[in-house]
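**Student:** Contents of data16.cif (mmCIF, C-alpha atoms) are below:
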```
data_model
loop_
_atom_site.group_PDB
_atom_site.id
_atom_site.type_symbol
_atom_site.label_atom_id
_atom_site.label_comp_id
_atom_site.auth_asym_id
_atom_site.auth_seq_id
_atom_site.Cartn_x
_atom_site.Cartn_y
_atom_site.Cartn_z
ATOM 1 C CA MET U 63 107.314 278.058 260.774
ATOM 2 C CA GLY U 64 108.936 274.735 261.894
ATOM 3 C CA LYS U 65 107.166 271.631 263.066
ATOM 4 C CA ALA U 66 104.349 271.630 265.602
ATOM 5 C CA GLN U 67 104.467 269.504 268.744
ATOM 6 C CA SER U 68 103.849 265.849 267.924
ATOM 7 C CA LYS U 69 101.217 265.217 270.616
ATOM 8 C CA LEU U 70 98.566 267.201 272.432
ATOM 9 C CA SER U 71 99.343 267.855 276.092
ATOM 10 C CA PRO U 72 96.932 266.518 278.735
ATOM 11 C CA GLU U 73 95.863 270.142 279.373
ATOM 12 C CA GLN U 74 95.119 270.698 275.675
ATOM 13 C CA ILE U 75 93.129 267.463 275.502
ATOM 14 C CA THR U 76 91.070 268.408 278.567
ATOM 15 C CA GLU U 77 90.361 271.869 277.129
ATOM 16 C CA LEU U 78 89.364 270.435 273.729
ATOM 17 C CA GLN U 79 87.133 267.800 275.331
ATOM 18 C CA ARG U 80 85.333 270.630 277.131
ATOM 19 C CA SER U 81 84.900 272.724 273.979
ATOM 20 C CA THR U 82 84.090 269.976 271.415
ATOM 21 C CA TYR U 83 81.967 266.860 271.003
ATOM 22 C CA PHE U 84 85.058 264.642 270.572
ATOM 23 C CA ASP U 85 86.574 262.266 273.115
ATOM 24 C CA LYS U 86 90.269 261.950 273.975
ATOM 25 C CA LYS U 87 91.033 259.186 271.473
ATOM 26 C CA GLU U 88 89.244 260.987 268.635
ATOM 27 C CA LEU U 89 91.070 264.236 269.409
ATOM 28 C CA GLN U 90 94.422 262.444 269.337
ATOM 29 C CA GLN U 91 93.550 260.786 265.995
ATOM 30 C CA TRP U 92 92.386 264.067 264.457
ATOM 31 C CA TYR U 93 95.532 265.821 265.703
ATOM 32 C CA LYS U 94 97.770 263.127 264.215
ATOM 33 C CA GLY U 95 95.999 263.456 260.852
ATOM 34 C CA PHE U 96 96.088 267.265 261.025
ATOM 35 C CA LEU U 97 99.868 267.226 261.603
ATOM 36 C CA LYS U 98 100.351 264.723 258.794
ATOM 37 C CA ASP U 99 98.628 267.131 256.402
ATOM 38 C CA CYS U 100 99.950 270.305 258.077
ATOM 39 C CA PRO U 101 103.365 269.606 259.671
ATOM 40 C CA SER U 102 103.656 273.256 260.731
ATOM 41 C CA GLY U 103 100.469 272.855 262.789
ATOM 42 C CA GLN U 104 98.698 275.429 260.636
ATOM 43 C CA LEU U 105 96.450 275.177 257.596
ATOM 44 C CA SER U 106 96.720 277.928 254.984
ATOM 45 C CA LYS U 107 93.853 279.227 252.860
ATOM 46 C CA THR U 108 95.488 277.703 249.754
ATOM 47 C CA GLU U 109 95.733 274.258 251.374
ATOM 48 C CA PHE U 110 92.145 274.573 252.605
ATOM 49 C CA GLN U 111 90.996 275.304 249.036
ATOM 50 C CA LYS U 112 92.881 272.221 247.782
ATOM 51 C CA ILE U 113 90.970 270.057 250.264
ATOM 52 C CA TYR U 114 87.637 271.430 248.983
ATOM 53 C CA LYS U 115 88.745 270.856 245.389
ATOM 54 C CA GLN U 116 89.145 267.133 246.174
ATOM 55 C CA PHE U 117 85.517 266.948 247.331
ATOM 56 C CA PHE U 118 84.113 269.065 244.483
ATOM 57 C CA PRO U 119 86.227 268.188 241.426
ATOM 58 C CA PHE U 120 83.532 269.187 238.904
ATOM 59 C CA GLY U 121 82.967 272.708 240.194
ATOM 60 C CA ASP U 122 84.999 275.607 241.526
ATOM 61 C CA PRO U 123 84.954 275.529 245.345
ATOM 62 C CA SER U 124 87.637 278.211 245.844
ATOM 63 C CA ARG U 125 85.302 281.116 246.759
ATOM 64 C CA PHE U 126 83.141 278.989 249.041
ATOM 65 C CA ALA U 127 86.275 277.547 250.666
ATOM 66 C CA ASP U 128 87.439 281.134 251.313
ATOM 67 C CA TYR U 129 84.198 281.944 253.155
ATOM 68 C CA VAL U 130 84.354 278.746 255.229
ATOM 69 C CA PHE U 131 88.050 279.355 255.958
ATOM 70 C CA ASN U 132 87.175 282.780 257.372
ATOM 71 C CA VAL U 133 84.711 281.209 259.834
ATOM 72 C CA PHE U 134 87.186 278.480 260.861
ATOM 73 C CA ASP U 135 89.949 281.089 261.370
ATOM 74 C CA GLY U 136 88.617 282.344 264.690
ATOM 75 C CA ASP U 137 91.564 284.590 265.568
ATOM 76 C CA LYS U 138 91.687 286.006 261.998
ATOM 77 C CA ASN U 139 95.446 285.455 261.614
ATOM 78 C CA GLY U 140 95.127 283.962 258.135
ATOM 79 C CA MET U 141 95.847 280.395 259.281
ATOM 80 C CA ILE U 142 93.745 277.643 260.857
ATOM 81 C CA GLU U 143 95.353 276.069 263.905
ATOM 82 C CA PHE U 144 94.263 272.669 265.183
ATOM 83 C CA LYS U 145 92.046 274.075 267.938
ATOM 84 C CA GLU U 146 90.146 276.251 265.437
ATOM 85 C CA PHE U 147 89.845 273.324 263.034
ATOM 86 C CA ILE U 148 88.580 270.801 265.583
ATOM 87 C CA CYS U 149 86.126 273.229 267.213
ATOM 88 C CA ALA U 150 84.564 274.123 263.842
ATOM 89 C CA LEU U 151 84.519 270.477 262.764
ATOM 90 C CA SER U 152 82.854 269.546 266.042
ATOM 91 C CA ILE U 153 80.021 272.029 265.456
ATOM 92 C CA THR U 154 79.514 271.202 261.781
ATOM 93 C CA SER U 155 79.683 267.425 262.281
ATOM 94 C CA ARG U 156 78.194 266.823 265.723
ATOM 95 C CA GLY U 157 76.667 270.043 266.954
ATOM 96 C CA ASN U 158 72.953 270.343 267.575
ATOM 97 C CA VAL U 159 70.756 272.299 265.162
ATOM 98 C CA GLU U 160 71.130 275.463 267.266
ATOM 99 C CA ASP U 161 74.964 275.252 267.137
ATOM 100 C CA LYS U 162 74.896 274.620 263.389
ATOM 101 C CA LEU U 163 72.538 277.524 262.754
ATOM 102 C CA ARG U 164 74.804 279.899 264.722
ATOM 103 C CA TRP U 165 77.805 278.638 262.736
ATOM 104 C CA ALA U 166 75.948 278.998 259.416
ATOM 105 C CA PHE U 167 74.872 282.529 260.371
ATOM 106 C CA GLN U 168 78.556 283.419 260.861
ATOM 107 C CA LEU U 169 79.291 282.029 257.401
ATOM 108 C CA TYR U 170 76.609 284.158 255.711
ATOM 109 C CA ASP U 171 77.309 287.283 257.814
ATOM 110 C CA ILE U 172 80.465 288.058 255.850
ATOM 111 C CA ASP U 173 81.155 291.458 257.430
ATOM 112 C CA ASN U 174 80.308 290.243 260.973
ATOM 113 C CA ASP U 175 77.849 293.075 261.649
ATOM 114 C CA GLY U 176 75.172 290.782 263.121
ATOM 115 C CA TYR U 177 72.990 290.770 259.979
ATOM 116 C CA ILE U 178 72.882 288.813 256.742
ATOM 117 C CA THR U 179 72.179 291.182 253.875
ATOM 118 C CA ARG U 180 70.739 290.088 250.554
ATOM 119 C CA GLU U 181 74.164 290.801 248.980
ATOM 120 C CA GLU U 182 75.996 288.625 251.547
ATOM 121 C CA MET U 183 73.530 285.791 251.034
ATOM 122 C CA LEU U 184 73.945 286.130 247.257
ATOM 123 C CA ARG U 185 77.751 285.961 247.526
ATOM 124 C CA ILE U 186 77.593 282.708 249.533
ATOM 125 C CA VAL U 187 74.831 281.096 247.444
ATOM 126 C CA ASP U 188 76.644 282.054 244.226
ATOM 127 C CA ALA U 189 79.835 280.458 245.607
ATOM 128 C CA ILE U 190 77.876 277.285 246.483
ATOM 129 C CA TYR U 191 76.375 277.086 242.984
ATOM 130 C CA LYS U 192 79.843 277.479 241.437
ATOM 131 C CA MET U 193 81.197 274.802 243.792
ATOM 132 C CA VAL U 194 78.623 272.128 242.943
ATOM 133 C CA GLY U 195 78.717 273.033 239.252
ATOM 134 C CA SER U 196 76.339 271.032 237.099
ATOM 135 C CA MET U 197 76.330 268.098 239.524
ATOM 136 C CA VAL U 198 72.992 269.102 241.069
ATOM 137 C CA LYS U 199 69.780 269.620 239.082
ATOM 138 C CA LEU U 200 67.862 272.485 240.674
ATOM 139 C CA PRO U 201 64.129 273.246 240.479
ATOM 140 C CA ALA U 202 63.154 276.129 238.169
ATOM 141 C CA ASP U 203 62.481 278.484 241.102
ATOM 142 C CA GLU U 204 66.038 277.950 242.407
ATOM 143 C CA ASP U 205 68.071 277.491 239.213
ATOM 144 C CA THR U 206 70.027 280.725 239.719
ATOM 145 C CA PRO U 207 71.624 282.092 242.892
ATOM 146 C CA GLU U 208 69.383 285.174 242.641
ATOM 147 C CA LYS U 209 66.197 283.076 242.551
ATOM 148 C CA ARG U 210 67.374 281.019 245.547
ATOM 149 C CA VAL U 211 68.219 284.151 247.559
ATOM 150 C CA ASN U 212 64.844 285.731 246.677
ATOM 151 C CA LYS U 213 63.106 282.550 247.858
ATOM 152 C CA ILE U 214 65.119 282.483 251.112
ATOM 153 C CA PHE U 215 64.449 286.164 251.829
ATOM 154 C CA ALA U 216 60.724 285.777 251.059
ATOM 155 C CA LEU U 217 60.625 283.032 253.684
ATOM 156 C CA MET U 218 62.954 284.506 256.321
ATOM 157 C CA ASP U 219 62.886 288.315 256.152
ATOM 158 C CA THR U 220 59.742 288.719 258.244
ATOM 159 C CA ASP U 221 60.143 292.479 258.772
ATOM 160 C CA LYS U 222 61.031 293.027 255.057
ATOM 161 C CA ASP U 223 64.106 295.188 255.768
ATOM 162 C CA ASP U 224 66.361 293.272 253.320
ATOM 163 C CA ARG U 225 68.557 291.874 256.071
ATOM 164 C CA LEU U 226 68.252 288.867 258.346
ATOM 165 C CA THR U 227 68.807 288.895 262.076
ATOM 166 C CA MET U 228 70.028 285.775 263.842
ATOM 167 C CA GLU U 229 66.445 285.157 265.015
ATOM 168 C CA GLU U 230 64.947 285.521 261.527
ATOM 169 C CA PHE U 231 67.648 283.193 260.161
ATOM 170 C CA LYS U 232 67.038 280.558 262.843
ATOM 171 C CA GLU U 233 63.268 280.730 262.509
ATOM 172 C CA GLY U 234 63.409 280.628 258.698
ATOM 173 C CA SER U 235 65.846 277.720 258.729
ATOM 174 C CA ARG U 236 63.414 275.735 260.833
ATOM 175 C CA LYS U 237 60.691 276.408 258.220
ATOM 176 C CA ASP U 238 62.865 275.430 255.227
ATOM 177 C CA PRO U 239 63.921 271.770 255.572
ATOM 178 C CA SER U 240 66.559 272.100 252.815
ATOM 179 C CA ILE U 241 68.603 274.516 254.935
ATOM 180 C CA VAL U 242 68.567 272.176 257.922
ATOM 181 C CA GLN U 243 69.401 269.178 255.710
ATOM 182 C CA ALA U 244 72.446 271.025 254.385
ATOM 183 C CA LEU U 245 73.516 271.695 257.967
ATOM 184 C CA ASN U 246 73.322 267.969 258.717
ATOM 185 C CA LEU U 247 75.711 267.176 255.866
ATOM 186 C CA TYR U 248 78.502 265.884 258.115
ATOM 187 C CA ASP U 249 76.306 263.889 260.529
ATOM 188 C CA GLY U 250 77.579 260.366 260.870
ATOM 189 C CA LEU U 251 80.665 261.049 258.741
ATOM 190 C CA VAL U 252 82.875 262.051 261.635
#
```
Kindly present the structure from the file in structure tokens form.

**Tutor:**
Amino acid sequence: MGKAQSKLSPEQITELQRSTYFDKKELQQWYKGFLKDCPSGQLSKTEFQKIYKQFFPFGDPSRFADYVFNVFDGDKNGMIEFKEFICALSITSRGNVEDKLRWAFQLYDIDNDGYITREEMLRIVDAIYKMVGSMVKLPADEDTPEKRVNKIFALMDTDKDDRLTMEEFKEGSRKDPSIVQALNLYDGLV
């Protein structure tokens, strides 16, 4: 597992500039920070969960962190390399609404079959509720994961087949401002 290279090569920087919304200086700074936290050049699921725990100390973010980790881990090798990290961060922090919706669809489509089932949505929403704990006061019609999922499906599942296509998800997300607001969480932070 050793140490990763200390600097990005010019070729790596050029490739990352093409595939992210970050400039050369930002990429170099992110890489330096990534190596400081992950000297091997890889981020494990356990380390990823620890990071989430710092941001959500009053809840249990471990399950949600697992789901996010799986989207970040593009090659599905059980580790997040810098390129996977920076590409996902670029979409979630600076991507346009379309990019963010595609990324969010991947998060909810746990089995990667091209659809979000009610069960998949419930697993993610339940993980989010456990992560935020009692920090957020929810309206009565959304105070359980099941109620929230029922509300989302009532809005989005236009053909009533108990699964969402990418198009239904995108269209429904445009109708429900809370979904888009959640996708803009990182705007301006990075």

**Student:** Residue by residue, what does the PyMOL selection byres ((chain U and resi 138-145) around 12) grab here? Present the result as a ChimeraX atom specification.

**Tutor:** /U:63,66-67,69-70,74-75,77-82,89-110,128,130-137,146-152

**Student:** Keeping only C-alpha atoms, write the selected residues to a file as a PDB file, in the frame of the given file.

**Tutor:**
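selection30.pdb, written as the output of this step:
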```pdb
ATOM      1  CA  MET U  63     107.314 278.058 260.774  1.00  0.00           C
ATOM      2  CA  ALA U  66     104.349 271.630 265.602  1.00  0.00           C
ATOM      3  CA  GLN U  67     104.467 269.504 268.744  1.00  0.00           C
ATOM      4  CA  LYS U  69     101.217 265.217 270.616  1.00  0.00           C
ATOM      5  CA  LEU U  70      98.566 267.201 272.432  1.00  0.00           C
ATOM      6  CA  GLN U  74      95.119 270.698 275.675  1.00  0.00           C
ATOM      7  CA  ILE U  75      93.129 267.463 275.502  1.00  0.00           C
ATOM      8  CA  GLU U  77      90.361 271.869 277.129  1.00  0.00           C
ATOM      9  CA  LEU U  78      89.364 270.435 273.729  1.00  0.00           C
ATOM     10  CA  GLN U  79      87.133 267.800 275.331  1.00  0.00           C
ATOM     11  CA  ARG U  80      85.333 270.630 277.131  1.00  0.00           C
ATOM     12  CA  SER U  81      84.900 272.724 273.979  1.00  0.00           C
ATOM     13  CA  THR U  82      84.090 269.976 271.415  1.00  0.00           C
ATOM     14  CA  LEU U  89      91.070 264.236 269.409  1.00  0.00           C
ATOM     15  CA  GLN U  90      94.422 262.444 269.337  1.00  0.00           C
ATOM     16  CA  GLN U  91      93.550 260.786 265.995  1.00  0.00           C
ATOM     17  CA  TRP U  92      92.386 264.067 264.457  1.00  0.00           C
ATOM     18  CA  TYR U  93      95.532 265.821 265.703  1.00  0.00           C
ATOM     19  CA  LYS U  94      97.770 263.127 264.215  1.00  0.00           C
ATOM     20  CA  GLY U  95      95.999 263.456 260.852  1.00  0.00           C
ATOM     21  CA  PHE U  96      96.088 267.265 261.025  1.00  0.00           C
ATOM     22  CA  LEU U  97      99.868 267.226 261.603  1.00  0.00           C
ATOM     23  CA  LYS U  98     100.351 264.723 258.794  1.00  0.00           C
ATOM     24  CA  ASP U  99      98.628 267.131 256.402  1.00  0.00           C
ATOM     25  CA  CYS U 100      99.950 270.305 258.077  1.00  0.00           C
ATOM     26  CA  PRO U 101     103.365 269.606 259.671  1.00  0.00           C
ATOM     27  CA  SER U 102     103.656 273.256 260.731  1.00  0.00           C
ATOM     28  CA  GLY U 103     100.469 272.855 262.789  1.00  0.00           C
ATOM     29  CA  GLN U 104      98.698 275.429 260.636  1.00  0.00           C
ATOM     30  CA  LEU U 105      96.450 275.177 257.596  1.00  0.00           C
ATOM     31  CA  SER U 106      96.720 277.928 254.984  1.00  0.00           C
ATOM     32  CA  LYS U 107      93.853 279.227 252.860  1.00  0.00           C
ATOM     33  CA  THR U 108      95.488 277.703 249.754  1.00  0.00           C
ATOM     34  CA  GLU U 109      95.733 274.258 251.374  1.00  0.00           C
ATOM     35  CA  PHE U 110      92.145 274.573 252.605  1.00  0.00           C
ATOM     36  CA  ASP U 128      87.439 281.134 251.313  1.00  0.00           C
ATOM     37  CA  VAL U 130      84.354 278.746 255.229  1.00  0.00           C
ATOM     38  CA  PHE U 131      88.050 279.355 255.958  1.00  0.00           C
ATOM     39  CA  ASN U 132      87.175 282.780 257.372  1.00  0.00           C
ATOM     40  CA  VAL U 133      84.711 281.209 259.834  1.00  0.00           C
ATOM     41  CA  PHE U 134      87.186 278.480 260.861  1.00  0.00           C
ATOM     42  CA  ASP U 135      89.949 281.089 261.370  1.00  0.00           C
ATOM     43  CA  GLY U 136      88.617 282.344 264.690  1.00  0.00           C
ATOM     44  CA  ASP U 137      91.564 284.590 265.568  1.00  0.00           C
ATOM     45  CA  GLU U 146      90.146 276.251 265.437  1.00  0.00           C
ATOM     46  CA  PHE U 147      89.845 273.324 263.034  1.00  0.00           C
ATOM     47  CA  ILE U 148      88.580 270.801 265.583  1.00  0.00           C
ATOM     48  CA  CYS U 149      86.126 273.229 267.213  1.00  0.00           C
ATOM     49  CA  ALA U 150      84.564 274.123 263.842  1.00  0.00           C
ATOM     50  CA  LEU U 151      84.519 270.477 262.764  1.00  0.00           C
ATOM     51  CA  SER U 152      82.854 269.546 266.042  1.00  0.00           C
TER      52      SER U 152
END
```

**Student:** Under the PyMOL selection byres ((chain U and resi 184) around 12), which residues of this model are included? Write them out as a PyMOL selection string.

**Tutor:** chain U and resi 126+170-172+178-183+185-192+206-215+225

**Student:** Under the rule that only C-alpha atoms are counted, which of U:Gln116, U:Thr76, U:Ser71, U:Thr227 is the nearest residue to Leu163 in chain U?

**Tutor:** U:Thr227

**Student:** For Asn174 in chain U, which residue out of U:Met228, U:Val198, U:Ser155, U:Asp203 is the nearest one, using only C-alpha atoms?

**Tutor:** U:Met228

**Student:** Measure the distance from CA of Leu169 in chain U to CA of Phe84 in chain U in Å and round it to one decimal.

**Tutor:**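 Pair CA of Leu169 in chain U / CA of Phe84 in chain U returns 22.6 Å.
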
**Student:** If you measure from CA of Asp224 in chain U to CA of Met193 in chain U, what distance in Å do you get, rounded to one decimal?

**Tutor:**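 These atoms are spaced 25.5 Å apart.
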
**Student:** Please compute the CA of Ser124 in chain U-CA of Val194 in chain U distance, one decimal, in Å.

**Tutor:**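 Computing the Euclidean distance for CA of Ser124 in chain U and CA of Val194 in chain U yields 11.3 Å.
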
**Student:** With distances taken over only C-alpha atoms, which residue among U:Asn158, U:Ala127, U:Glu204, U:Leu226 lies nearest Gly176 in chain U?

**Tutor:** U:Leu226
